[in-house]
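Only one structure is covered here, and it is reproduced in the block below.
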Amino acid sequence: MPRITLPDNSVREFDKPVTAAEVAADIGAGLAKAVIGAKIDGELCDSATLITNDVEIELITAIDRKAGESTEDALFLLRHSCAHVMAEAICKIIPGVELVYGPPLETGFYYDIAVPEGRPLSTDDFEAIEAEMAKIIKEDRPFKRYELAVEEGMNKLKSEGSKYKIDNAERAIEAGSDELSWYATGEPGEAWEDLCKGPHVPSTGRIGAFKIMSLASSYWHGDADSDRLTRVYGIAFADKKQLAKHLNHLEEAKKRDHRVLGKKLQLFHIDEAVGQGLVLWTPNGAVIRNELQNFIGAELRKQGYHDVYCPHIGKLELYKTSGHFPYYSESQFVPIMDRDFLKKAADDGCSCSELANLMASGDIEGYLLKPMNCPHHIKIYSSQPRSYRDLPVRLSEFGTVYRWEKSGELSGMIRVRSFTVDDAHLFCREDQIAEELNGCLSLVKMVFQTLGLNDFRVRVGLRDPDSSKYVGKSEDWDKAEKACREAAKSLGTHVTEEPGEAAFYGPKIDFIVRDVIGREWQLGTVQVDYNLPKRFELSYTGSDNQQHRPVMIHRAPFGSMERFVGVLIEHFAGAFPTWLAPEQVRVLPISEKSADYGNSVLKALRDKDIRATIDHSNERIQAKIKVASEMKVPYLLVVGPSDQQDQVVSIRARGLRQNLGTLPVNTFVEGVCSEISSRGKQTIISEHFQAVEA
Ligand SMILES: [Zn+2]
Ligand SMILES: [Zn+2]
């Protein structure tokens with residue numbers, strides 16, 4: 001008879017098979033009411049699943065009591081169940097639709113449907129569908145599962161005649177199912193039903209809140225030559241509060257979209273004539289990039305790094321030595337052919353397809369737009385003999401690299417074809433790895449903290465033990481993985497280990513930051529590499545006068561400047577801290593009478609290297625303030641005759657409705673200077689207007 005082990009290791013014994021719902025009832029009436037499903041020996045199941053053996057069980061409630069919100073499992077159950085409810089409602093509103101496939105997603109769910117000829121589904125239908133869904137949910141109908149043997153089940157599907165459902169069943173059978181299952185929303189045979197593996201919540205009434213979000217077109221099996229389908233997206237939550245929070249979050253994300261803000265604030269431009277995925281940094285964006293580069297450059301010099309510069313191409317042979325070609329050739333631009341080689345190929349009568357094959361296989365003489373900066377830096381290391389006393393050698397460069405991303409995957413600054421890595425390569429002795437890793441990690445941490453990205457976690461990427469894509473000796477991998485683990489642990493933040501996430505040449509530590517609205521972005525990375533030093537036969541002379549092999553560390557705290565700035569635009573919603581803001585102060589003379597005084601204030605600011613402008617337009621002051629506010633300028637200085645008389649400025653700070661007050665011109669200038677040099681640790685407000693801050 002089943003012995004049931006709960007997550008707290010307590011055990012309950014039953015003298016006959018029980019369902020998860022009955023286990024919940026045995027624990028307490030409150031839990032019985034709240035349970036919507038269960039994980040039985042790790043598998044998500046209906047709460048009505050009958051348990052006959054000894055198992056470990058985790059009861060799933062709509063809202064997890066400890067976390068105060070729904071777990072991923074709870075959301076899966078709610079969303080998948082809501083997809084059924086939506087499908088039933090659509091079938092009722094648009095007779096003749098055929099259902100194809102409706103999985104839950106991390107962000108909600110969708111259902112792919114085939115609409116009848118001449119009756120497209122439009123957003124105008126949402127209201128009616130949602131009303132029908134609300135009715136089904138109010139009726140609180142049970143989800144009832146039944147199963148049929150494969151043959152009987154296939155006969156049933158064939159008699160119903162939906163090629164889509166027959167296809168789904170065939171796939172399930174191919175994947176090893178020995179039966180087919182259906183879920184009826186009510187009594188089987190009477191109520192609406194769908195071929196489905198489950199699991200589901202016990203009844204429709206458990207779906208607390210939902211919304212149909214959008215439509216998209218899709219293709220059967222994702223194949224553009226196959227049937228065209230309509231994809232209906234929806235979301236579901238345990239209650240209205242969580243739905244509202246989610247909608248609010250989406251709204252906020254939309255307002256922060258770096259592509260929209262990038263255009264409005266004139267930070268960057270992507271031009272079809274230049275090429276997709278090729279970011280043009282316009283003057284405002286260039287200021288931000290420069291400031292970030294100066295910021296990190298100064299820190300690197302403190303840590304003993306040396307700047308280097310390299311060309312944007314290198315010989316194809318170089319990347320064959322490094323292994324970047326052909327390991328990553330799919331994500332690279334095709335090689336650039338040497339002119340002499342091309343002429344020779346033409347003279348030899350080489351056909352187009354032969355030439356294409358040669359290029360793809362790399363059997364040519366030519367160059368590669370660099371996909372990585374490492375090989376160039378390695379050649380700088382090996383350009384002179386190195387002794388153990390010279391190590392570590394730390395070479396840094398904001399190096400631009402090129403990747404072939406599919407055009408459908410390009411997006412603003414986040415997914416691009418050319419980007420600049422805040423790259424560095426450290427060549428060190430094995431006994432220096434731990435210290436160098438710690439140096440890299442503390443740099444990354446400092447960068448994130450300065451930018452207010454305080455919520456980050458660390459992922460240690462390890463080998464996938466079942467894959468053969470990795471190069472290098474197993475013992476070296478073990479050592480490198482150990483060093484990464486230990487360094488990551490020393491950061492004192494949340495660390496996860498993920499097999500399969502390593503680079504092909506070594507393990508890595510990735511930084512995943514959470515922005516102010518809770519989205520996660522993978523940014524900086526630190527990687528240990530035993531492989532490239534070997535491939536390039538790098539060496540140094542040890543204290544024993546013998547030749548030894550150095551270890552390399554690749555690291556990039558920001559990752560790509562494009563991606564990083566894209567993330568920062570969204571993180572700050574365009575309102576950059578003063579030290580990063582393209583325009584730090586704007587002077588707004590009230591009228592022409594104050595123009596000269598305004599110019600003298602402007603000069604005082606510019607003399608101290610503050611990025612300031614003046615608005616001499618004939619607009620009224622309120623209009624000038626509005627224009628400057630839209631550009632998210634941190635400080636606006638309104639100057640009129642009385643300010644001139646007192647030699648002060650009236651200060652408006654970004655995001656505050658009223659004037660802060662006035663300060664003497666020089667006091668303001670000094671205040672901004674220390675706000676900039678302290679990178680926001682001291683501000684005009686914290687130094688002079690503390691009452692406002694409180
Ligand atoms: Zn289902
Ligand atoms: Zn590298």
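As shown in the structure tokens, the chain order sets the letters A, B, ...; within each chain, residues go from 1, and ligands are also counted from 1 in the order they appear.
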Quick one: contact table of chain A to ligand 2, 8 Å max, nearest atom pair and distance in Å to one decimal per residue, counting only C-alpha atoms and all ligand atoms, chain and number order, as a tab-separated table?
```
residue	atom	partner	partner_atom_place_in_ligand_line	distance
A:Met372	CA	ligand 2	1 (Zn)	6.2
A:Asn373	CA	ligand 2	1 (Zn)	5.6
A:Cys374	CA	ligand 2	1 (Zn)	4.0
A:Pro375	CA	ligand 2	1 (Zn)	7.6
A:Asp423	CA	ligand 2	1 (Zn)	7.0
A:Ala424	CA	ligand 2	1 (Zn)	7.0
A:His425	CA	ligand 2	1 (Zn)	6.1
A:Ile553	CA	ligand 2	1 (Zn)	7.6
A:His554	CA	ligand 2	1 (Zn)	4.6
A:Arg555	CA	ligand 2	1 (Zn)	7.0
```
Please, could you write that set of residues out with C-alpha atoms as a PDB file, in the first residue's frame?
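again-v3.pdb, freshly written:
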```
ATOM      1  CA  MET A 372      36.724  36.880 -31.671  1.00  0.00           C
ATOM      2  CA  ASN A 373      39.647  38.968 -30.496  1.00  0.00           C
ATOM      3  CA  CYS A 374      41.570  36.139 -28.840  1.00  0.00           C
ATOM      4  CA  PRO A 375      43.901  35.031 -31.676  1.00  0.00           C
ATOM      5  CA  ASP A 423      37.591  42.290 -24.142  1.00  0.00           C
ATOM      6  CA  ALA A 424      40.733  41.270 -22.326  1.00  0.00           C
ATOM      7  CA  HIS A 425      42.954  38.228 -22.275  1.00  0.00           C
ATOM      8  CA  ILE A 553      41.483  33.856 -19.118  1.00  0.00           C
ATOM      9  CA  HIS A 554      39.038  35.609 -21.454  1.00  0.00           C
ATOM     10  CA  ARG A 555      36.838  38.189 -19.789  1.00  0.00           C
TER      11      ARG A 555
END
```
Exercise. Could you give me, as number ranges by chain, the residues within 10 Å of region 550-552 of chain A, counting only C-alpha atoms and dropping anything in the same chain fewer than 5 positions from it?
Key: A: 374, 378, 386, 388, 391-394, 425-433, 480, 506, 527-534, 537-541
Next, the residues of the selection above should be written as a short mmCIF file (atom, residue, chain, number, x, y, z; two decimals), in the first residue's frame with C-alpha atoms.
```cif
data_model
loop_
_atom_site.label_atom_id
_atom_site.label_comp_id
_atom_site.auth_asym_id
_atom_site.auth_seq_id
_atom_site.Cartn_x
_atom_site.Cartn_y
_atom_site.Cartn_z
CA CYS A 374 41.57 36.14 -28.84
CA ILE A 378 47.62 35.61 -28.42
CA ARG A 386 58.02 35.68 -21.59
CA TYR A 388 57.45 33.57 -15.15
CA LEU A 391 53.09 36.87 -15.78
CA PRO A 392 50.25 37.62 -15.64
CA VAL A 393 50.22 39.52 -18.93
CA ARG A 394 46.87 41.30 -19.16
CA HIS A 425 42.95 38.23 -22.28
CA LEU A 426 45.02 37.31 -19.26
CA PHE A 427 47.97 34.99 -19.69
CA CYS A 428 48.97 33.55 -16.35
CA ARG A 429 50.63 30.68 -14.53
CA GLU A 430 48.43 27.93 -13.22
CA ASP A 431 49.05 29.05 -9.63
CA GLN A 432 47.74 32.51 -10.55
CA ILE A 433 44.37 31.44 -11.96
CA ALA A 480 39.46 24.82 -14.86
CA GLY A 506 36.82 25.90 -21.46
CA GLN A 527 36.25 32.11 -19.13
CA VAL A 528 39.21 29.90 -18.30
CA ASP A 529 41.02 28.41 -21.27
CA TYR A 530 43.66 25.69 -21.32
CA ASN A 531 43.04 24.97 -24.95
CA LEU A 532 44.12 28.01 -26.98
CA PRO A 533 47.54 28.28 -25.28
CA LYS A 534 48.12 24.70 -26.40
CA GLU A 537 52.00 26.52 -28.42
CA LEU A 538 52.35 29.43 -26.01
CA SER A 539 55.06 29.26 -23.42
CA TYR A 540 57.00 31.07 -20.73
CA THR A 541 60.30 30.34 -19.08
#
```
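The coordinates place CA of Lys66 (chain A) at 25.0 Å from CA of Arg459 (chain A).
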Self-check item: Test item: residues no farther than 12 Å from ligand 1, counting only C-alpha atoms and all ligand atoms, as a ChimeraX atom specification
Solution: /A:45-46,76-88,99-104,109-111,143-145,181-185,192-201
Self-check item: A:Ser650, A:Asn659, A:Thr525, A:Asn545 ranked by distance to Val587 (chain A), top pick (using only C-alpha atoms)
Solution: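 Distance minimum relative to Val587 (chain A) lands on A:Ser650.
Checking A:Ile590, A:Ala238, A:Val627, A:Ile136 one by one against Gly68 (chain A), counting only C-alpha atoms, you find the shortest gap at A:Ala238.
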Quiz item: Could you state the separation of CA of Glu497 (chain A) and CA of Ala62 (chain A) in Å, given to one decimal place?
Solution: 28.9 Å
Quick one: residues within 12 Å of His269 (chain A), only C-alpha atoms, excluding same-chain residues fewer than 5 positions away - as a tab-separated table (two decimals) with C-alpha atoms, in the first residue's frame?
```
chain	number	residue	atom	x	y	z
A	258	HIS	CA	15.53	50.54	-26.20
A	259	ARG	CA	14.62	50.66	-29.89
A	260	VAL	CA	11.93	53.25	-29.23
A	261	LEU	CA	13.97	55.24	-26.69
A	262	GLY	CA	17.10	54.94	-28.82
A	263	LYS	CA	15.32	56.78	-31.59
A	264	LYS	CA	13.63	59.36	-29.39
A	274	VAL	CA	24.43	50.34	-44.13
A	275	GLY	CA	23.08	46.93	-43.24
A	276	GLN	CA	20.85	45.11	-40.82
A	277	GLY	CA	22.29	44.48	-37.40
A	278	LEU	CA	25.01	47.11	-37.88
A	279	VAL	CA	24.61	49.75	-35.20
A	280	LEU	CA	25.54	53.36	-35.93
A	281	TRP	CA	26.34	55.14	-32.68
A	282	THR	CA	25.00	58.67	-33.04
A	283	PRO	CA	26.60	61.48	-30.98
A	284	ASN	CA	24.40	60.99	-27.90
A	285	GLY	CA	24.99	57.24	-27.82
A	286	ALA	CA	28.69	57.74	-28.47
A	412	GLY	CA	17.97	46.75	-32.07
A	413	MET	CA	21.24	46.81	-30.17
A	562	GLU	CA	25.92	47.41	-28.04
```
Interface rows for region 83-188 of chain A against region 203-218 of chain A: nearest pair, Å to one decimal, 6 Å, only C-alpha atoms, as a tab-separated table:
```
residue	atom	partner	partner_atom	distance
A:Ile137	CA	A:Thr204	CA	4.7
A:Lys138	CA	A:Gly205	CA	5.9
A:Asp140	CA	A:Gly205	CA	4.1
A:Arg141	CA	A:Ser203	CA	5.3
A:Pro142	CA	A:Ser203	CA	3.9
A:Phe143	CA	A:Ser203	CA	5.3
```
Practice problem: From a DSSP pass on the backbone, collect the residues of region 307-452 of chain A flagged as helix (DSSP H, G or I) and hand them back as number ranges by chain. | Solution: A: 316-322, 324-327, 329-331, 339-347, 352-361, 374-381, 407-409, 430-450
Practice problem: Determine which residues of region 558-671 of chain A receive a DSSP assignment of strand (DSSP E or B), computed from the backbone, and state them as a VMD selection string. | Solution: chain A and resid 560 585 to 589 612 to 614 635 to 639 648 to 653 661 to 664
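Note that CA of Val648 (chain A) and CA of Gly680 (chain A) are 23.0 Å apart.
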Quiz item: Neighbours of Pro371 (chain A) within 9 Å (only C-alpha atoms; same-chain residues fewer than 5 positions away dropped), as a list in words?
Solution: Ile313, His324, Tyr328, Ser331, Gln332, Phe333, Thr400, Val401, Tyr402 and Arg403 of chain A
